[in-house]
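run-v3.txt follows; it contains compact mmCIF, C-alpha atoms.
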# COMPACT_ATOMS: atom_id res chain seq x y z
CA MET A 1 48.32 84.17 107.71
CA ARG A 2 51.28 82.81 109.66
CA PHE A 3 53.69 80.77 107.55
CA MET A 4 55.18 77.61 109.00
CA SER A 5 57.92 75.14 108.08
CA CYS A 6 59.12 71.67 109.06
CA LEU A 7 61.26 73.32 111.73
CA ASP A 8 58.35 75.04 113.44
CA PRO A 9 57.02 73.42 116.63
CA HIS A 10 53.69 72.53 114.94
CA PRO A 11 54.00 72.50 111.14
CA PHE A 12 50.79 72.62 109.15
CA CYS A 13 51.57 69.27 107.50
CA ALA A 14 51.14 67.57 110.88
CA HIS A 15 47.51 68.71 111.07
CA TYR A 16 44.40 69.04 108.95
CA LYS A 17 41.12 70.86 109.26
CA ARG A 18 38.12 68.75 110.19
CA THR A 19 34.62 70.13 110.34
CA GLU A 20 32.44 69.88 113.37
CA ARG A 21 29.14 68.01 113.09
CA ILE A 22 26.77 70.05 110.96
CA TRP A 23 23.40 69.75 109.28
CA PHE A 24 23.31 68.88 105.60
CA GLU A 25 21.59 72.18 104.77
CA ASP A 26 24.50 74.05 106.40
CA PHE A 27 26.93 72.01 104.32
CA LEU A 28 25.12 73.09 101.15
CA ARG A 29 25.37 76.71 102.25
CA GLY A 30 29.06 76.36 103.10
CA GLY A 31 28.58 77.58 106.64
CA PHE A 32 30.62 75.19 108.75
CA VAL A 33 33.41 75.53 111.29
CA GLY A 34 36.64 73.54 111.26
CA THR A 35 38.83 72.21 114.06
CA TRP A 36 42.46 71.10 113.81
CA THR A 37 43.51 67.54 114.46
CA SER A 38 46.23 65.17 113.28
CA LEU A 39 46.56 64.53 109.55
CA CYS A 40 48.43 61.24 109.97
CA PRO A 41 45.96 58.38 110.63
CA SER A 42 48.52 56.28 112.52
CA ASN A 43 50.08 59.13 114.52
CA ALA A 44 53.47 58.42 112.96
CA ILE A 45 54.42 62.10 112.72
CA SER A 46 56.58 63.10 115.68
CA LEU A 47 57.40 66.70 116.61
CA ILE A 48 59.44 65.94 119.74
CA GLU A 49 62.89 66.32 118.17
CA GLY A 50 62.16 68.21 115.00
CA PHE A 51 59.81 66.91 112.33
CA GLN A 52 60.12 63.12 112.06
CA ILE A 53 58.09 60.19 110.78
CA ARG A 54 58.30 57.10 112.97
CA LYS A 55 58.86 54.17 110.63
CA GLU A 56 57.35 51.62 113.01
CA LEU A 57 54.04 53.51 112.98
CA CYS A 58 53.88 54.62 109.34
CA VAL A 59 51.22 52.70 107.37
CA SER A 60 52.09 54.20 103.92
CA CYS A 61 48.87 56.23 103.67
CA LEU A 62 50.66 58.93 101.52
CA LEU A 63 48.83 61.90 103.07
CA CYS A 64 51.89 63.62 104.54
CA ALA A 65 53.50 63.75 101.09
CA ALA A 66 50.21 64.54 99.34
CA PHE A 67 49.77 67.73 101.34
CA CYS A 68 53.43 68.78 101.49
CA PRO A 69 54.01 71.62 98.97
CA ASN A 70 57.79 71.56 99.55
CA LYS A 71 58.65 67.99 98.47
CA SER A 72 60.12 67.32 101.92
CA ILE A 73 58.87 63.72 102.15
CA ALA A 74 59.96 60.62 100.22
CA PHE A 75 59.34 56.87 100.53
CA ASP A 76 61.59 53.87 101.05
CA ASP A 77 61.30 50.51 99.28
CA THR A 78 58.39 49.44 101.51
CA PHE A 79 56.41 52.67 100.95
CA GLY A 80 57.46 53.90 104.37
CA ALA A 81 57.48 57.71 104.50
CA TYR A 82 60.54 59.60 105.72
CA VAL A 83 61.58 63.23 105.94
CA LYS A 84 64.00 63.83 103.11
CA GLU A 85 64.71 67.41 104.04
CA GLN A 86 63.71 69.68 106.90
CA HIS A 87 62.28 72.63 105.05
CA GLN A 88 62.30 76.20 106.28
CA GLY A 89 60.65 78.87 104.18
CA ARG A 90 57.68 81.16 103.78
CA ASP A 91 55.88 78.96 101.26
CA CYS A 92 55.16 76.06 103.62
CA ILE A 93 51.44 76.66 104.06
CA THR A 94 48.77 74.04 104.35
CA ALA A 95 47.46 72.58 101.13
CA VAL A 96 44.30 71.60 102.99
CA LEU A 97 43.30 75.23 103.40
CA ASP A 98 44.46 76.60 100.07
CA ARG A 99 43.93 73.57 97.78
CA GLN A 100 47.55 73.55 96.63
CA GLY A 101 48.28 70.41 94.66
CA ARG A 102 51.62 68.64 94.58
CA ARG A 103 54.15 70.05 92.11
CA ALA A 104 53.65 69.06 88.49
CA ILE A 105 55.32 65.79 87.46
CA LYS A 106 55.89 65.34 83.75
CA SER A 107 57.01 61.72 83.75
CA PRO A 108 57.97 58.92 86.18
CA THR A 109 61.56 60.21 86.01
CA ASP A 110 60.46 63.38 87.82
CA LEU A 111 59.70 61.43 90.96
CA ILE A 112 60.05 62.48 94.55
CA ALA A 113 63.80 62.34 95.07
CA GLY A 114 64.72 59.47 97.34
CA THR A 115 61.80 57.19 96.35
CA PRO A 116 62.88 53.97 94.56
CA ALA A 117 61.84 53.94 90.90
CA GLU A 118 60.44 50.40 91.13
CA LEU A 119 57.75 51.60 93.54
CA ILE A 120 56.64 54.23 91.05
CA GLU A 121 56.74 51.74 88.19
CA GLY A 122 54.43 49.46 90.19
CA ILE A 123 51.95 52.33 90.55
CA ASP A 124 52.29 53.24 86.87
CA ARG A 125 51.58 49.64 85.81
CA LEU A 126 48.81 49.31 88.41
CA ASP A 127 50.51 46.09 89.50
CA SER A 128 48.02 44.95 92.12
CA SER A 129 50.03 41.95 93.37
CA PHE A 130 53.13 44.11 93.94
CA LEU A 131 51.17 46.89 95.60
CA LYS A 132 49.23 44.55 97.88
CA ARG A 133 52.46 42.95 99.08
CA SER A 134 53.92 46.40 99.76
CA LEU A 135 50.79 47.69 101.49
CA ARG A 136 50.10 44.89 103.94
CA LYS A 137 50.62 47.24 106.90
CA PHE A 138 48.17 49.73 105.35
CA VAL A 139 45.51 47.04 104.93
CA MET A 140 45.90 45.68 108.45
CA HIS A 141 45.68 49.13 110.01
CA PHE A 142 42.49 50.22 108.28
CA SER A 143 40.86 46.81 108.67
CA SER A 144 40.97 47.24 112.44
CA ASP A 145 40.78 50.99 113.12
CA PHE A 146 37.54 52.69 112.06
CA ASP A 147 38.50 56.19 113.26
CA SER A 148 41.71 56.05 111.20
CA LEU A 149 39.73 55.00 108.14
CA VAL A 150 37.42 58.01 108.54
CA ARG A 151 40.36 60.38 109.00
CA TRP A 152 42.37 59.02 106.09
CA GLY A 153 39.44 58.46 103.71
CA THR A 154 38.14 61.99 104.13
CA ASN A 155 41.50 63.55 103.31
CA ALA A 156 42.26 61.12 100.50
CA LEU A 157 38.98 62.07 98.80
CA TYR A 158 39.77 65.74 99.28
CA PHE A 159 43.25 65.33 97.75
CA ILE A 160 42.17 63.53 94.60
CA THR A 161 39.53 66.20 93.91
CA LEU A 162 41.70 69.25 94.66
CA ASP A 163 41.18 70.49 91.10
CA ASP A 164 37.38 70.19 91.33
CA ASN A 165 36.63 72.80 94.00
CA PRO A 166 35.99 70.20 96.73
CA LYS A 167 34.31 70.67 100.06
CA ILE A 168 34.17 67.87 102.59
CA ALA A 169 32.79 67.44 106.09
CA ASN A 170 32.58 64.61 108.62
CA SER A 171 29.54 63.55 110.65
CA VAL A 172 26.97 65.40 108.58
CA LYS A 173 23.45 65.20 109.99
CA ILE A 174 20.48 64.78 107.63
CA ARG A 175 16.93 65.40 108.78
CA GLY A 176 14.91 62.21 108.34
CA ALA A 177 11.21 61.48 108.65
CA LYS A 178 11.45 60.49 112.34
CA ARG A 179 14.95 61.41 113.51
CA GLU A 180 18.24 62.64 112.16
CA ILE A 181 20.54 60.42 110.11
CA ARG A 182 24.30 60.89 110.22
CA VAL A 183 26.74 60.06 107.42
CA GLU A 184 30.48 59.68 107.97
CA ALA A 185 31.41 62.12 105.20
CA CYS A 186 29.72 64.51 102.80
CA HIS A 187 31.83 65.46 99.79
CA SER A 188 31.00 67.99 97.08
CA PHE A 189 33.07 68.22 93.89
CA SER A 190 32.41 69.28 90.29
CA ASN A 191 28.80 70.14 91.17
CA ASN A 192 28.21 66.63 92.53
CA ILE A 193 27.67 65.41 96.07
CA ALA A 194 28.85 62.06 97.39
CA LEU A 195 27.55 60.79 100.72
CA TRP A 196 30.01 58.29 102.17
CA LYS A 197 29.48 55.45 104.60
CA PHE A 198 32.80 54.23 106.00
CA ASP A 199 33.30 50.71 107.34
CA ASN A 200 36.32 48.59 108.18
CA GLN A 201 34.32 45.37 107.95
CA ILE A 202 31.48 44.61 105.51
CA ASP A 203 28.28 45.04 107.47
CA PHE A 204 24.99 45.87 105.77
CA LYS A 205 23.00 45.99 109.02
CA PHE A 206 23.28 49.78 109.22
CA VAL A 207 23.17 50.57 105.50
CA ASP A 208 19.38 51.03 105.49
CA ARG A 209 19.61 54.18 107.57
CA PHE A 210 22.40 55.49 105.34
CA LEU A 211 20.17 54.98 102.29
CA PHE A 212 17.33 56.84 103.99
CA GLY A 213 19.83 59.63 104.50
CA ARG A 214 20.81 59.60 100.85
CA ASP A 215 17.18 59.80 99.74
CA ALA A 216 16.48 62.62 102.21
CA ALA A 217 19.60 64.47 100.99
CA ASN A 218 18.34 64.18 97.42
CA GLU A 219 15.07 65.83 98.41
CA ILE A 220 16.87 68.59 100.30
CA VAL A 221 19.09 69.30 97.28
CA LYS A 222 16.06 69.48 94.98
CA SER A 223 14.21 71.86 97.27
CA SER A 224 17.30 74.04 97.84
CA GLY A 225 17.41 75.20 94.22
CA LYS A 226 21.14 74.46 94.02
CA LEU A 227 22.29 73.00 90.71
CA TYR A 228 23.99 69.74 91.68
CA LYS A 229 24.23 67.09 88.97
CA GLN A 230 23.93 64.02 91.17
CA VAL A 231 23.98 62.72 94.74
CA PHE A 232 26.10 59.55 94.90
CA GLY A 233 25.78 56.99 97.68
CA CYS A 234 29.22 55.47 98.36
CA TYR A 235 30.59 52.84 100.73
CA LEU A 236 34.31 53.10 101.59
CA LEU A 237 35.54 49.76 102.89
CA GLY A 238 38.79 49.34 104.80
CA GLN A 239 38.58 45.55 105.06
CA ASP A 240 41.27 43.39 103.45
CA GLU A 241 40.07 42.67 99.91
CA ASP A 242 41.30 39.07 100.10
CA GLU A 243 38.71 38.37 102.76
CA TYR A 244 35.84 38.88 100.31
CA PHE A 245 37.40 38.76 96.85
CA LYS A 246 39.36 35.73 95.70
CA SER A 247 40.40 34.44 92.26
CA SER A 248 38.32 37.03 90.35
CA SER A 249 35.13 35.73 91.93
CA PHE A 250 33.43 38.46 93.93
CA ASN A 251 30.90 37.47 96.55
CA GLU A 252 27.67 37.53 94.53
CA ALA A 253 25.54 38.17 97.59
CA ILE A 254 27.44 41.41 98.19
CA VAL A 255 27.09 42.44 94.54
CA ASP A 256 23.35 41.76 94.64
CA ARG A 257 23.03 43.86 97.79
CA LEU A 258 24.96 46.76 96.22
CA ARG A 259 22.72 46.63 93.16
CA ASP A 260 19.56 46.53 95.26
CA TYR A 261 20.72 49.51 97.32
CA LYS A 262 22.13 51.40 94.32
CA LEU A 263 25.26 51.79 96.40
CA THR A 264 28.83 52.08 95.09
CA MET A 265 31.56 50.31 97.06
CA VAL A 266 35.17 51.55 96.94
CA SER A 267 37.94 49.73 98.80
CA ALA A 268 40.60 51.63 100.73
CA LEU A 269 43.24 50.02 98.49
CA ALA A 270 41.52 51.32 95.34
CA LEU A 271 41.32 54.80 96.86
CA TRP A 272 45.03 54.51 97.76
CA CYS A 273 45.74 53.88 94.06
CA LEU A 274 43.96 57.11 93.11
CA VAL A 275 46.00 59.08 95.64
CA ALA A 276 49.25 57.43 94.53
CA ARG A 277 48.69 58.03 90.83
CA LYS A 278 48.00 61.70 91.41
CA LEU A 279 50.88 62.11 93.86
CA PHE A 280 53.61 60.26 91.96
CA LEU A 281 52.44 60.45 88.34
CA ALA A 282 50.38 63.67 88.28
CA ARG A 283 47.41 61.71 86.91
CA LYS A 284 44.36 63.78 87.76
CA ILE A 285 41.29 61.76 88.59
CA SER A 286 37.76 62.50 87.40
CA LEU A 287 35.95 61.14 90.44
CA GLU A 288 32.62 61.95 88.83
CA SER A 289 33.44 59.83 85.77
CA LEU A 290 34.89 57.06 87.89
CA LEU A 291 31.86 56.75 90.19
CA GLN A 292 29.50 56.92 87.23
CA GLU A 293 31.40 54.18 85.37
CA VAL A 294 31.43 51.98 88.47
CA GLU A 295 27.67 52.41 88.78
CA ASP A 296 26.99 51.71 85.12
CA ASN A 297 29.52 49.08 84.10
CA ASN A 298 31.28 47.44 87.00
CA ASP A 299 28.81 45.75 89.32
CA ARG A 300 28.97 48.77 91.63
CA TYR A 301 32.34 48.04 93.23
CA LEU A 302 35.88 49.34 92.76
CA ILE A 303 38.62 47.22 94.27
CA MET A 304 42.32 46.84 93.55
CA SER A 305 42.13 43.06 93.20
CA ASP A 306 40.06 43.23 90.03
CA ASP A 307 41.58 43.94 86.59
CA LYS A 308 38.35 45.58 85.37
CA CYS A 309 38.51 48.04 88.26
CA LEU A 310 42.17 48.84 87.60
CA LYS A 311 41.36 49.49 83.95
CA LEU A 312 38.63 51.91 85.02
CA ILE A 313 41.10 53.74 87.28
CA GLU A 314 43.48 54.07 84.36
CA GLU A 315 40.75 55.27 81.99
CA CYS A 316 39.59 57.95 84.44
CA SER A 317 43.15 59.25 84.99
CA ALA A 318 44.29 62.12 82.80
For the structure just supplied, provide its representation as structure tokens.
Amino acid sequence: MRFMSCLDPHPFCAHYKRTERIWFEDFLRGGFVGTWTSLCPSNAISLIEGFQIRKELCVSCLLCAAFCPNKSIAFDDTFGAYVKEQHQGRDCITAVLDRQGRRAIKSPTDLIAGTPAELIEGIDRLDSSFLKRSLRKFVMHFSSDFDSLVRWGTNALYFITLDDNPKIANSVKIRGAKREIRVEACHSFSNNIALWKFDNQIDFKFVDRFLFGRDAANEIVKSSGKLYKQVFGCYLLGQDEDEYFKSSSFNEAIVDRLRDYKLTMVSALALWCLVARKLFLARKISLESLLQEVEDNNDRYLIMSDDKCLKLIEECSA
């Protein structure tokens, strides 16, 4: 394997491995091919004059730091990423390929050097009002750019399950009764499978086909003889939470629909919290426990604007 650093023309941290479209059966067998594309969902990473992060384009998605094994990236007081140090060494290999987690952090005082402590304290407290003010750019970007949501969401899910032998693929095709059904992401971890529908605006018009895909995937898993515990059906939503959740009163029609479909909704902001807590506080997330708790106890949604959801995030962090 060729080792790369920040000073190489194309460092690994500027890219990630994305699978080509495959059939669900091939995903179960692990036989899929990857292609390289940009890791950064807003194309803020610039390689023109050395490795740089363009502040005007950064949306605070955290992925560049999450997959940097050399602690080269820090954040300013608005969660904007910047290159703290151009690293050159033989250990700068992609965490995406080798599942290398960020270095161990024993306490909030062991933070990424150069990141203001108040930002970390806000993550530690799960201070939703502070975080939402700081992440306005993040929310606006993923509310309007579906492709970015798919790119970021896939890698965020992979990062938080690095310790659970994850495998993830985009555009997985599932054989249906009449024609194939495609899901945005298929994610296996801890002997579970989560099928993900991504959306940057709430729209249940196309959920029916996704649910057919989930049911078909369940049958394929059963007939394959593979010992998976559960197949989750999940809906990752990039839309601004304030547009559908205000004053602790969630839209009951949406909740009823989620219950009817047995579908679990996770907002992009809630997923951001999971990434941030692992990155800055070394709080490992049991995604299996979290999804199960959301299904059983929390009206089938996980959003950062709700105190019950934040408590669940804290309880499922170790």
Report summary line: Students should find that CA of Lys132 (chain A) and CA of Val83 (chain A) are spaced 23.8 Å
Query raised in the report: Pick the closest to Val59 (chain A) from A:Leu291, A:Ile254, A:Ile45, A:Ile303: which is it, counting only C-alpha atoms?
Result: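 Residue with the minimum atom-to-atom distance to Val59 (chain A): A:Ile45.
Considering only C-alpha atoms, the residue among A:Lys137, A:Arg151, A:Arg209, A:Arg257 positioned nearest to Tyr16 (chain A) is A:Arg151.
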**Report entry** Long-range neighbours of Asn298 (chain A) as a list of chain:residue names, 10 Å cut-off, only C-alpha atoms, 2 positions minimum in chain
**Finding:**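 My list of contacting residues is A:Val255, A:Thr264, A:Leu291, A:Gln292, A:Glu293, A:Val294, A:Glu295, A:Asp296, A:Arg300, A:Tyr301, A:Leu302, A:Lys308, A:Cys309, A:Leu312.
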Would you write out those residues with C-alpha atoms, as a compact mmCIF listing (two decimals), in the coordinates of the input?
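See out01.txt below for the written result:
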# COMPACT_ATOMS: atom_id res chain seq x y z
CA VAL A 255 27.09 42.44 94.54
CA THR A 264 28.83 52.08 95.09
CA LEU A 291 31.86 56.75 90.19
CA GLN A 292 29.50 56.92 87.23
CA GLU A 293 31.40 54.18 85.37
CA VAL A 294 31.43 51.98 88.47
CA GLU A 295 27.67 52.41 88.78
CA ASP A 296 26.99 51.71 85.12
CA ARG A 300 28.97 48.77 91.63
CA TYR A 301 32.34 48.04 93.23
CA LEU A 302 35.88 49.34 92.76
CA LYS A 308 38.35 45.58 85.37
CA CYS A 309 38.51 48.04 88.26
CA LEU A 312 38.63 51.91 85.02
Report summary line: Between CA of Asn200 (chain A) and CA of Ser143 (chain A) lies a distance of 4.9 Å
Report task. Identify the residues within 8 Å of coordinate (32.6, 70.7, 117.8) (same frame as the file), considering all atoms listed in the file, and give the answer as number ranges by chain. Result -> A: 19-21, 35
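The closest residue to Phe210 (chain A), picked from A:Ile174, A:Ala66, A:Val231, A:Met304 and counting all atoms listed in the file, is A:Ile174.
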Report task. Taking the point (14.9, 59.8, 99.1) as given in the file, collect each protein or nucleic acid residue that comes within 12 Å of it, counting only C-alpha atoms, and present the set as an MDAnalysis selection string. Result -> chainID A and resid 174:177 208:222 231:233 261
Query raised in the report: Do you have the CA of Leu131 (chain A)-CA of Ile168 (chain A) distance handy?
Result: 27.9 Å
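Of the residues under consideration (A:Gly122, A:Gly80, A:Gly50, A:Gly153), A:Gly153 shows the shortest atom-to-atom contact distance to Phe198 (chain A) when counting all atoms listed in the file.
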Query - Top pick for closest residue to Asn191 (chain A), considering A:Glu85, A:Asp8, A:Asp240, A:Glu288 and counting only C-alpha atoms - result: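 Once distances to Asn191 (chain A) are computed over only C-alpha atoms, the minimum belongs to A:Glu288.
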Query raised in the report: Of the candidates A:Ser42, A:Cys234, A:Phe27, A:Asp242, which shows the shortest atom-to-atom distance to Asp145 (chain A), using all atoms listed in the file?
Result: A:Ser42
Pick out the residues sitting within 8 Å of Cys64 (chain A), and hand them over as an mmCIF file with C-alpha atoms, keeping the file's coordinate frame; count only C-alpha atoms, and ignore anything fewer than 3 positions along from it in its own chain.
data_model
loop_
_atom_site.group_PDB
_atom_site.id
_atom_site.type_symbol
_atom_site.label_atom_id
_atom_site.label_comp_id
_atom_site.auth_asym_id
_atom_site.auth_seq_id
_atom_site.Cartn_x
_atom_site.Cartn_y
_atom_site.Cartn_z
ATOM 1 C CA CYS A 13 51.570 69.270 107.500
ATOM 2 C CA ALA A 14 51.140 67.570 110.880
ATOM 3 C CA LEU A 39 46.560 64.530 109.550
ATOM 4 C CA CYS A 40 48.430 61.240 109.970
ATOM 5 C CA PHE A 67 49.770 67.730 101.340
ATOM 6 C CA CYS A 68 53.430 68.780 101.490
ATOM 7 C CA ILE A 73 58.870 63.720 102.150
#
Requested in this report: Identify, on the basis of only C-alpha atoms, every residue whose closest approach to region 125-128 of chain A does not exceed 9 Å; exclude the query and any residue fewer than 2 positions from it along the same chain; express the result as number ranges by chain.
Outcome: A: 120-123, 130-133, 273, 304-307, 310-311, 313-314
Query - Contacts of Thr78 (chain A) within 9 Å, only C-alpha atoms, excl. fewer than 5 positions in-chain, as a PyMOL selection string - result: chain A and resi 60+119+134-135
Query - Shell of 12 Å around Ile160 (chain A), only C-alpha atoms, local chain residues under 6 positions omitted, as a ChimeraX atom specification - result: /A:62-63,66-67,96,99-102,153-154,166-167,187,189,271-279,282-288,290,316-317
